[in-house]
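Engineer: Please find run-v5.tsv (TSV, C-alpha atoms) on the next line:
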chain	number	residue	atom	x	y	z
A	206	MET	CA	-75.67	21.31	55.62
A	207	SER	CA	-72.35	23.11	55.62
A	208	LEU	CA	-69.70	21.88	58.02
A	209	ILE	CA	-69.63	23.25	61.55
A	210	SER	CA	-66.37	25.05	62.23
A	211	VAL	CA	-64.44	23.98	65.35
A	212	THR	CA	-61.80	25.91	67.29
A	213	ILE	CA	-59.67	24.28	69.98
A	214	LEU	CA	-58.72	26.66	72.78
A	215	THR	CA	-55.82	25.52	74.89
A	216	GLY	CA	-53.29	27.18	77.13
A	217	PHE	CA	-51.30	27.17	80.31
A	218	LEU	CA	-53.01	26.91	83.68
A	219	GLY	CA	-54.20	30.33	84.78
A	220	SER	CA	-53.27	31.91	81.44
A	221	GLY	CA	-56.68	33.44	80.93
A	222	LYS	CA	-58.32	30.91	78.59
A	223	THR	CA	-61.61	31.31	80.39
A	224	THR	CA	-61.39	35.11	80.28
A	225	LEU	CA	-60.83	34.91	76.54
A	226	LEU	CA	-63.65	32.43	76.15
A	227	LYS	CA	-66.08	34.58	78.10
A	228	ARG	CA	-65.21	37.50	75.89
A	229	ILE	CA	-65.77	35.44	72.78
A	230	LEU	CA	-69.10	34.29	74.16
A	231	GLY	CA	-70.23	37.68	75.39
A	232	GLU	CA	-69.44	39.69	72.25
A	233	LYS	CA	-72.10	40.87	69.87
A	234	HIS	CA	-70.69	39.09	66.84
A	235	GLY	CA	-73.82	37.26	65.85
A	236	PHE	CA	-72.15	33.85	65.97
A	237	LYS	CA	-74.03	31.10	67.72
A	238	ILE	CA	-71.33	29.16	69.51
A	239	ALA	CA	-71.45	25.87	71.32
A	240	VAL	CA	-68.68	25.54	73.88
A	241	ILE	CA	-67.44	22.16	74.98
A	242	GLU	CA	-65.51	22.26	78.22
A	243	ASN	CA	-63.41	19.42	79.53
A	244	GLU	CA	-64.79	19.58	82.95
A	245	PHE	CA	-61.74	18.45	84.84
A	246	GLY	CA	-60.82	22.08	84.19
A	247	GLU	CA	-59.38	24.18	86.97
A	248	GLU	CA	-61.64	27.10	86.07
A	249	ASN	CA	-65.18	26.69	84.85
A	250	ILE	CA	-67.30	29.26	83.12
A	251	ASP	CA	-68.95	31.27	85.88
A	252	SER	CA	-72.58	30.55	86.50
A	253	ASP	CA	-73.45	34.23	86.10
A	254	ILE	CA	-73.21	34.03	82.34
A	255	LEU	CA	-75.27	30.85	82.22
A	256	VAL	CA	-79.03	30.97	82.14
A	257	THR	CA	-79.54	28.12	84.56
A	258	GLU	CA	-77.46	25.81	86.67
A	259	THR	CA	-78.85	22.42	85.80
A	260	GLN	CA	-77.64	18.86	85.84
A	261	GLU	CA	-78.32	18.81	82.12
A	262	GLN	CA	-75.20	18.39	80.07
A	263	ILE	CA	-76.05	21.21	77.68
A	264	ILE	CA	-76.86	24.68	78.96
A	265	GLN	CA	-78.19	27.59	76.94
A	266	MET	CA	-76.54	30.93	77.77
A	267	SER	CA	-78.07	34.34	78.04
A	268	ASN	CA	-76.78	35.47	74.64
A	269	GLY	CA	-77.92	32.31	72.89
A	270	CYS	CA	-74.60	30.48	73.04
A	271	ILE	CA	-74.61	26.92	74.29
A	272	CYS	CA	-72.29	25.49	76.89
A	273	CYS	CA	-71.62	21.85	77.31
A	274	THR	CA	-69.41	20.03	79.79
A	275	ILE	CA	-67.91	16.73	78.75
A	276	ARG	CA	-68.72	13.81	80.98
A	277	GLU	CA	-68.11	11.33	78.23
A	278	ASP	CA	-65.59	11.40	75.48
A	279	LEU	CA	-65.38	14.15	72.92
A	280	ARG	CA	-66.76	12.07	70.06
A	281	VAL	CA	-69.95	11.28	71.91
A	282	THR	CA	-70.45	14.92	72.84
A	283	LEU	CA	-69.88	16.12	69.28
A	284	GLN	CA	-72.28	13.53	67.93
A	285	LEU	CA	-74.89	14.54	70.50
A	286	LEU	CA	-74.55	18.21	69.54
A	287	ALA	CA	-74.76	17.41	65.82
A	288	GLU	CA	-77.84	15.28	66.33
A	289	LYS	CA	-79.61	17.98	68.36
A	290	LYS	CA	-78.75	20.53	65.68
A	291	ARG	CA	-80.11	18.29	62.92
A	292	LYS	CA	-83.36	17.82	64.85
A	293	GLY	CA	-83.66	21.57	65.37
A	294	LEU	CA	-83.33	21.28	69.16
A	295	LEU	CA	-80.16	23.37	69.28
A	296	ASP	CA	-79.03	26.20	67.08
A	297	PHE	CA	-75.31	26.88	66.76
A	298	ASP	CA	-72.96	27.47	63.88
A	299	ARG	CA	-69.56	26.85	65.43
A	300	VAL	CA	-67.95	24.97	68.30
A	301	VAL	CA	-65.18	25.98	70.68
A	302	ILE	CA	-63.52	23.18	72.65
A	303	GLU	CA	-61.75	24.44	75.74
A	304	THR	CA	-59.20	21.92	76.93
A	305	THR	CA	-57.85	21.71	80.43
A	306	GLY	CA	-54.59	23.44	81.29
A	307	LEU	CA	-52.39	20.42	80.76
A	308	ALA	CA	-54.20	18.68	77.94
A	309	ASP	CA	-52.38	17.69	74.78
A	310	PRO	CA	-54.36	19.13	71.86
A	311	GLY	CA	-53.05	16.43	69.49
A	312	PRO	CA	-55.60	13.71	70.14
A	313	VAL	CA	-58.41	16.29	70.17
A	314	ALA	CA	-57.31	17.51	66.73
A	315	GLN	CA	-56.93	13.96	65.43
A	316	THR	CA	-60.56	13.20	66.27
A	317	PHE	CA	-61.59	15.44	63.38
A	318	PHE	CA	-59.49	13.55	60.86
A	319	MET	CA	-59.81	9.98	62.00
A	320	ASP	CA	-63.47	9.74	62.65
A	321	ASP	CA	-65.53	9.74	59.45
A	322	GLU	CA	-68.79	10.55	61.18
A	323	ILE	CA	-67.24	13.56	62.91
A	324	ALA	CA	-65.47	14.67	59.72
A	325	GLU	CA	-68.78	14.65	57.83
A	326	THR	CA	-70.23	17.22	60.22
A	327	PHE	CA	-67.37	19.23	61.70
A	328	LEU	CA	-64.36	21.02	60.23
A	329	LEU	CA	-61.40	21.76	62.46
A	330	ASP	CA	-60.46	25.40	61.92
A	331	SER	CA	-57.56	26.08	64.28
A	332	ILE	CA	-55.85	25.56	67.61
A	333	LEU	CA	-55.41	28.66	69.75
A	334	THR	CA	-52.96	28.63	72.65
A	335	VAL	CA	-52.91	31.21	75.44
A	336	VAL	CA	-49.50	31.70	77.07
A	337	ASP	CA	-49.18	33.42	80.43
A	338	ALA	CA	-46.25	35.85	80.16
A	339	LYS	CA	-45.69	35.97	83.90
A	340	HIS	CA	-45.22	32.23	84.35
A	341	ALA	CA	-44.26	31.19	80.83
A	342	ALA	CA	-40.52	30.79	81.38
A	343	GLY	CA	-41.03	28.38	84.27
A	344	GLN	CA	-43.86	26.50	82.61
A	345	LEU	CA	-41.98	26.10	79.34
A	346	ASN	CA	-38.89	24.92	81.20
A	347	ASP	CA	-40.70	22.44	83.43
A	348	ARG	CA	-43.66	21.12	81.48
A	349	GLN	CA	-43.51	19.39	78.18
A	350	GLU	CA	-47.30	19.74	77.91
A	351	ALA	CA	-46.88	23.50	77.81
A	352	ARG	CA	-44.24	23.24	75.09
A	353	ARG	CA	-46.45	20.88	73.08
A	354	GLN	CA	-49.34	23.33	73.28
A	355	VAL	CA	-47.09	25.99	71.77
A	356	GLY	CA	-45.97	23.63	68.99
A	357	PHE	CA	-49.54	22.75	68.05
A	358	ALA	CA	-50.88	26.28	67.85
A	359	ASP	CA	-52.12	28.08	64.74
A	360	GLN	CA	-52.33	31.30	66.76
A	361	LEU	CA	-50.55	32.20	70.01
A	362	PHE	CA	-51.96	34.73	72.46
A	363	VAL	CA	-49.62	36.03	75.15
A	364	SER	CA	-51.53	37.24	78.21
A	365	LYS	CA	-50.42	39.19	81.29
A	366	THR	CA	-47.62	41.05	79.49
A	367	ASP	CA	-48.43	44.04	81.72
A	368	LEU	CA	-46.97	42.09	84.64
A	369	VAL	CA	-43.50	41.62	83.12
A	370	SER	CA	-40.94	43.89	81.49
A	371	ALA	CA	-40.97	44.59	77.77
A	372	GLN	CA	-37.63	42.80	77.60
A	373	GLU	CA	-39.04	39.64	79.12
A	374	THR	CA	-42.00	39.75	76.75
A	375	ASP	CA	-39.68	40.13	73.74
A	376	ALA	CA	-37.53	37.23	74.91
A	377	LEU	CA	-40.62	35.08	75.39
A	378	ILE	CA	-41.97	35.89	71.93
A	379	HIS	CA	-38.58	35.10	70.44
A	380	ARG	CA	-38.58	31.76	72.21
A	381	LEU	CA	-42.12	30.96	71.05
A	382	LYS	CA	-41.18	31.71	67.44
A	383	HIS	CA	-38.31	29.25	67.63
A	384	MET	CA	-40.71	26.58	68.80
A	385	ASN	CA	-43.42	27.47	66.32
A	386	PRO	CA	-42.74	29.82	63.41
A	387	ARG	CA	-46.11	29.02	61.84
A	388	ALA	CA	-48.27	30.73	64.43
A	389	PRO	CA	-48.64	34.50	64.65
A	390	VAL	CA	-48.01	35.71	68.21
A	391	GLN	CA	-50.22	38.38	69.67
A	392	LYS	CA	-50.33	40.07	73.07
A	393	VAL	CA	-53.78	40.07	74.65
A	394	HIS	CA	-55.05	42.12	77.54
A	395	PHE	CA	-57.82	40.46	79.55
A	396	GLY	CA	-58.98	38.46	76.57
A	397	GLU	CA	-59.61	41.48	74.36
A	398	VAL	CA	-59.04	39.90	70.99
A	399	PRO	CA	-60.72	40.87	67.72
A	400	ILE	CA	-62.97	38.02	66.74
A	401	SER	CA	-61.23	37.90	63.33
A	402	GLN	CA	-58.14	36.53	65.11
A	403	VAL	CA	-60.11	33.79	66.79
A	404	PHE	CA	-62.39	32.32	64.13
A	405	ASP	CA	-61.93	31.26	60.53
A	406	LEU	CA	-58.15	31.19	60.71
A	407	ARG	CA	-58.12	28.07	58.52
A	408	GLY	CA	-55.09	26.64	60.26
A	409	PHE	CA	-55.93	23.15	59.03
A	410	ASN	CA	-57.12	24.21	55.63
A	411	LEU	CA	-54.73	22.72	53.12
A	412	ASN	CA	-54.91	25.76	50.92
A	413	ALA	CA	-54.11	28.28	53.62
A	414	LYS	CA	-50.91	30.10	52.77
A	415	LEU	CA	-47.80	28.69	54.36
A	416	GLU	CA	-46.88	31.63	56.51
A	417	ILE	CA	-43.46	31.44	58.09
A	418	ASP	CA	-41.97	34.56	59.53
A	419	PRO	CA	-39.24	35.42	56.99
A	420	ASP	CA	-37.02	36.92	59.70
A	421	PHE	CA	-37.04	33.60	61.47
A	422	LEU	CA	-35.50	31.94	58.45
A	423	THR	CA	-32.65	34.38	58.08
A	424	GLU	CA	-31.73	34.50	61.70
A	425	ASP	CA	-28.28	34.04	63.16
A	426	GLU	CA	-27.30	30.45	63.73
A	427	HIS	CA	-24.83	31.07	66.52
A	428	GLU	CA	-27.31	30.27	69.26
A	429	GLY	CA	-27.13	26.56	68.78
A	430	HIS	CA	-30.83	26.56	67.95
A	431	ASP	CA	-32.11	24.26	65.30
A	432	HIS	CA	-32.74	26.19	62.14
A	433	ALA	CA	-32.58	24.71	58.75
A	434	HIS	CA	-31.56	27.03	56.00
A	435	ASP	CA	-31.43	26.86	52.33
A	436	HIS	CA	-28.01	25.49	51.60
A	437	GLY	CA	-25.54	28.30	51.14
A	438	HIS	CA	-27.81	30.83	52.80
A	439	GLU	CA	-26.31	34.23	52.60
A	440	HIS	CA	-27.64	35.49	55.90
A	441	ASP	CA	-25.73	33.34	58.32
A	442	HIS	CA	-23.63	36.27	59.40
A	443	GLU	CA	-26.50	38.58	60.19
A	444	HIS	CA	-24.99	39.38	63.49
A	445	GLU	CA	-21.95	38.14	65.23
A	446	HIS	CA	-21.76	36.12	68.37
A	447	GLY	CA	-23.03	36.80	71.84
A	448	GLU	CA	-21.32	39.96	72.92
A	449	HIS	CA	-22.37	42.01	69.91
A	450	CYS	CA	-25.84	40.63	70.01
A	451	ASP	CA	-28.54	43.29	70.12
A	452	HIS	CA	-30.96	41.10	72.03
A	453	PRO	CA	-31.82	41.81	75.69
A	454	SER	CA	-28.90	41.50	78.07
A	455	HIS	CA	-27.88	38.12	79.31
A	456	ALA	CA	-28.55	39.08	82.89
A	457	HIS	CA	-32.08	37.80	82.56
A	458	GLU	CA	-31.26	34.14	82.66
A	459	GLY	CA	-34.37	33.18	84.53
A	460	HIS	CA	-36.65	35.05	82.17
A	461	GLY	CA	-36.82	32.77	79.20
A	462	HIS	CA	-34.03	34.49	77.32
A	463	HIS	CA	-33.53	32.50	74.17
A	464	HIS	CA	-29.77	32.13	74.40
A	465	HIS	CA	-30.23	29.85	77.37
A	466	HIS	CA	-32.95	27.58	76.09
A	467	ASP	CA	-32.77	24.66	73.87
A	468	ASP	CA	-36.36	23.53	74.08
A	469	ASP	CA	-37.27	20.03	72.96
A	470	VAL	CA	-40.13	21.45	70.88
A	471	LYS	CA	-38.45	23.04	67.88
A	472	SER	CA	-39.10	23.79	64.28
A	473	PHE	CA	-37.04	23.63	61.17
A	474	VAL	CA	-37.65	24.47	57.56
A	475	PHE	CA	-36.68	22.72	54.35
A	476	LYS	CA	-36.52	24.65	51.09
A	477	SER	CA	-35.54	23.53	47.61
A	478	ASP	CA	-35.71	24.99	44.14
A	479	ARG	CA	-35.58	21.56	42.51
A	480	PRO	CA	-38.81	19.58	42.10
A	481	PHE	CA	-39.60	16.55	44.25
A	482	ASP	CA	-39.81	13.05	42.86
A	483	PRO	CA	-43.34	12.10	44.04
A	484	ALA	CA	-42.67	8.40	44.69
A	485	ARG	CA	-39.46	9.03	46.62
A	486	LEU	CA	-41.03	11.78	48.70
A	487	GLU	CA	-44.04	9.65	49.54
A	488	ASP	CA	-41.81	6.78	50.67
A	489	PHE	CA	-39.64	9.04	52.77
A	490	LEU	CA	-42.49	10.92	54.46
A	491	GLY	CA	-44.28	7.65	55.09
A	492	ALA	CA	-41.17	6.27	56.77
A	493	VAL	CA	-40.52	9.29	59.02
A	494	VAL	CA	-44.15	9.58	60.05
A	495	ASN	CA	-44.11	5.90	60.90
A	496	ILE	CA	-41.10	6.32	63.18
A	497	TYR	CA	-41.39	9.87	64.52
A	498	GLY	CA	-45.16	10.45	64.20
A	499	PRO	CA	-45.85	10.70	67.94
A	500	ARG	CA	-43.18	13.41	68.21
A	501	MET	CA	-44.28	15.30	65.09
A	502	LEU	CA	-46.74	17.92	66.27
A	503	ARG	CA	-47.58	19.94	63.16
A	504	TYR	CA	-45.98	19.95	59.74
A	505	LYS	CA	-46.97	21.62	56.53
A	506	GLY	CA	-45.58	22.26	53.08
A	507	VAL	CA	-46.17	23.81	49.69
A	508	LEU	CA	-44.34	21.58	47.22
A	509	ASN	CA	-43.10	21.72	43.69
A	510	MET	CA	-43.71	18.20	42.36
A	511	GLN	CA	-42.44	16.72	39.16
A	512	GLY	CA	-45.27	15.98	36.77
A	513	THR	CA	-47.75	18.67	37.79
A	514	GLU	CA	-48.08	22.38	37.07
A	515	ARG	CA	-49.99	22.81	40.31
A	516	LYS	CA	-48.68	23.30	43.81
A	517	VAL	CA	-49.01	20.27	46.06
A	518	ILE	CA	-50.00	21.18	49.60
A	519	PHE	CA	-49.55	18.78	52.45
A	520	GLN	CA	-49.89	18.91	56.20
A	521	GLY	CA	-50.12	16.64	59.17
A	522	VAL	CA	-50.69	16.18	62.86
A	523	HIS	CA	-48.74	13.32	64.47
A	524	GLN	CA	-49.17	10.25	62.23
A	525	LEU	CA	-51.99	11.70	60.14
A	526	MET	CA	-50.93	13.30	56.92
A	527	GLY	CA	-52.99	14.65	54.05
A	528	SER	CA	-52.17	16.31	50.73
A	529	ASP	CA	-54.05	18.05	47.98
A	530	LEU	CA	-53.46	19.81	44.69
A	531	GLY	CA	-53.41	23.57	45.11
A	532	PRO	CA	-53.50	26.37	42.55
A	533	GLN	CA	-51.17	26.51	39.55
A	534	TRP	CA	-47.74	28.03	39.95
A	535	GLY	CA	-47.81	31.58	38.61
A	536	PRO	CA	-45.89	32.22	35.36
A	537	ASP	CA	-43.25	34.32	37.15
A	538	GLU	CA	-43.47	32.62	40.53
A	539	PRO	CA	-40.30	30.86	41.68
A	540	ARG	CA	-41.21	27.18	42.11
A	541	THR	CA	-39.69	26.75	45.54
A	542	SER	CA	-40.80	23.92	47.80
A	543	LYS	CA	-41.10	24.99	51.43
A	544	MET	CA	-41.83	22.72	54.37
A	545	VAL	CA	-41.94	23.43	58.08
A	546	PHE	CA	-41.78	20.72	60.75
A	547	ILE	CA	-42.61	21.33	64.40
A	548	GLY	CA	-41.93	18.51	66.81
A	549	ILE	CA	-40.23	17.13	69.89
A	550	ASP	CA	-36.54	16.39	69.43
A	551	LEU	CA	-36.91	15.52	65.78
A	552	PRO	CA	-33.59	14.55	64.14
A	553	LYS	CA	-33.26	17.55	61.86
A	554	ASP	CA	-30.34	16.07	59.91
A	555	ILE	CA	-32.19	12.88	59.04
A	556	PHE	CA	-35.17	14.89	57.80
A	557	LEU	CA	-33.16	17.41	55.81
A	558	GLN	CA	-30.82	14.86	54.22
A	559	GLY	CA	-33.72	12.55	53.47
A	560	LEU	CA	-35.73	15.33	51.83
A	561	GLN	CA	-32.70	16.45	49.85
A	562	GLN	CA	-32.51	12.91	48.41
A	563	CYS	CA	-36.13	13.13	47.27
A	564	VAL	CA	-35.57	16.06	44.90
A	565	THR	CA	-34.76	15.35	41.29
Can the structure in the file be given as structure tokens, please?

Structural biologist:
Amino acid sequence: MSLISVTILTGFLGSGKTTLLKRILGEKHGFKIAVIENEFGEENIDSDILVTETQEQIIQMSNGCICCTIREDLRVTLQLLAEKKRKGLLDFDRVVIETTGLADPGPVAQTFFMDDEIAETFLLDSILTVVDAKHAAGQLNDRQEARRQVGFADQLFVSKTDLVSAQETDALIHRLKHMNPRAPVQKVHFGEVPISQVFDLRGFNLNAKLEIDPDFLTEDEHEGHDHAHDHGHEHDHEHEHGEHCDHPSHAHEGHGHHHHHDDDVKSFVFKSDRPFDPARLEDFLGAVVNIYGPRMLRYKGVLNMQGTERKVIFQGVHQLMGSDLGPQWGPDEPRTSKMVFIGIDLPKDIFLQGLQQCVT
């Protein structure tokens, strides 16, 4: 039996997760979806799209999807669903887990790596985070949970952009990209998202391309934000300081303008054209994960390793790290190692200097 694909849907309170979920469930896409809701949620799926209101934990919906509220822990619920599927009692081909507004998606994601039984049946595809444009600035400033949800995401959806100015939306997207350059950011209107941007994103697939917005890497460094550049990067002077800056005016201090935020969730990138020494790199990554693991949200890399003609791909969530051999380097392809780290107050200098010492 092929693995059942799982999507984690998270997002700020009132950001429209449930609207998005209802759309996903109501569309004619032919997917049979089981939804697991953490039922301490502030908004539950309305009973009008459910076939029956029962005390039963698993409810079949009118379009054949299944909805399930968690009264026990996630593992138990997943095992129950898998068992019912094996026995032919339930038919579904993917799972969406909707977390409550303040939940940390980390432990939910880790379940799929740590638990062998779960890993034999389910495959974590991606974490989607819905950000409410109207309240984002305040929520990102005040709540670390909200910032963590941004850092974890494989795809960010910004809702309610019609309620704020284009300038505020741009500033918010800029801020989100600083926190998480891995995740594409997309504006959504009332949950209208093409299903191709929701499922099969392969955010946890080791062989997924390492997409980092190239503009992010060549951006000005005068903001005091944490960027790591290739040493001797030629783009540091892309534009001069504050007053000549072509970003929205500084009058919008309260609106999440990026010059005024130094969020604790940040990302940085390491690049090198020299190959890594495998033993040294393993020791170093093991050491940093040991110390900073709880603050490391997502990290991923495509590496040029001494001793192999193939790319080495690695990624991790918190303390869990995995690596795999990828395809061969192309004959004309520059063998550049690229790594991105997203975490909470990670000591960029320690990481960058340490990694630099692991190259040959």

Engineer: I'd like to know which of A:Ala239, A:Leu560, A:Val517, A:Val336 is closest to Trp534 (chain A), using all atoms listed in the file.

Structural biologist: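 Comparing A:Ala239, A:Leu560, A:Val517, A:Val336 against Trp534 (chain A), the winner is A:Val517.
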
Engineer: Measure the distance from CA of Pro310 (chain A) to CA of Ala358 (chain A) in Å and round it to one decimal.

Structural biologist: 8.9 Å

Engineer: What separation in Å, quoted to one decimal, exists between CA of Ala324 (chain A) and CA of Ile209 (chain A)?

Structural biologist: 9.7 Å

Engineer: Compile the contact shell of Arg348 (chain A) as a list in words: residues with an atom at most 10 Å away, counting all atoms listed in the file, same-chain residues fewer than 4 positions apart removed.

Structural biologist: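 Non-adjacent residues within range: Phe217, Leu307, Gly343, Gln344, Arg352 and Arg353 of chain A.
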
Engineer: Select, from A:Leu294, A:Val313, A:Leu508, A:Leu208, the residue with the minimum atom-to-atom distance to Ile332 (chain A), counting only C-alpha atoms.

Structural biologist: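 Closest candidate: A:Val313.
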
Engineer: For the atom pair CA of Asp469 (chain A) and CA of Gly356 (chain A), what is the interatomic distance in Å to one decimal place?

Structural biologist: 10.2 Å

Engineer: Within 7 Å of region 210-216 of chain A, counting all atoms listed in the file, which residues show up once you throw out same-chain ones fewer than 4 positions away? Write them as a short mmCIF file (atom, residue, chain, number, x, y, z; two decimals) with C-alpha atoms, in the frame of the given file, please.

Structural biologist:
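Contents of selection29.cif, freshly written:
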data_model
loop_
_atom_site.label_atom_id
_atom_site.label_comp_id
_atom_site.auth_asym_id
_atom_site.auth_seq_id
_atom_site.Cartn_x
_atom_site.Cartn_y
_atom_site.Cartn_z
CA SER A 220 -53.27 31.91 81.44
CA LYS A 222 -58.32 30.91 78.59
CA ARG A 299 -69.56 26.85 65.43
CA VAL A 300 -67.95 24.97 68.30
CA VAL A 301 -65.18 25.98 70.68
CA ILE A 302 -63.52 23.18 72.65
CA GLU A 303 -61.75 24.44 75.74
CA THR A 304 -59.20 21.92 76.93
CA GLY A 306 -54.59 23.44 81.29
CA PHE A 327 -67.37 19.23 61.70
CA LEU A 328 -64.36 21.02 60.23
CA LEU A 329 -61.40 21.76 62.46
CA ASP A 330 -60.46 25.40 61.92
CA SER A 331 -57.56 26.08 64.28
CA ILE A 332 -55.85 25.56 67.61
CA LEU A 333 -55.41 28.66 69.75
CA THR A 334 -52.96 28.63 72.65
CA VAL A 335 -52.91 31.21 75.44
CA VAL A 336 -49.50 31.70 77.07
CA GLN A 354 -49.34 23.33 73.28
#

Engineer: Identify, on the basis of only C-alpha atoms, every residue whose closest approach to Asp478 (chain A) does not exceed 10 Å; exclude the query and any residue fewer than 2 positions from it along the same chain; express the result as a list in words.

Structural biologist: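 Here the answer would be Asp435, Lys476, Pro480, Phe481, Leu508, Asn509, Pro539, Arg540, Thr541, Ser542, Lys543 and Val564 of chain A.
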
Engineer: Using only C-alpha atoms, which of A:Ile271, A:Ile549, A:Cys563, A:Leu368 sits nearest Asp467 (chain A)?

Structural biologist: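 Result for the nearest residue to Asp467 (chain A): A:Ile549.
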
Engineer: For Asp529 (chain A), work out the shell of residues within 7 Å, counting only C-alpha atoms and skipping chain neighbours fewer than 5 positions away, then give it as a count of residues only.

Structural biologist: 4
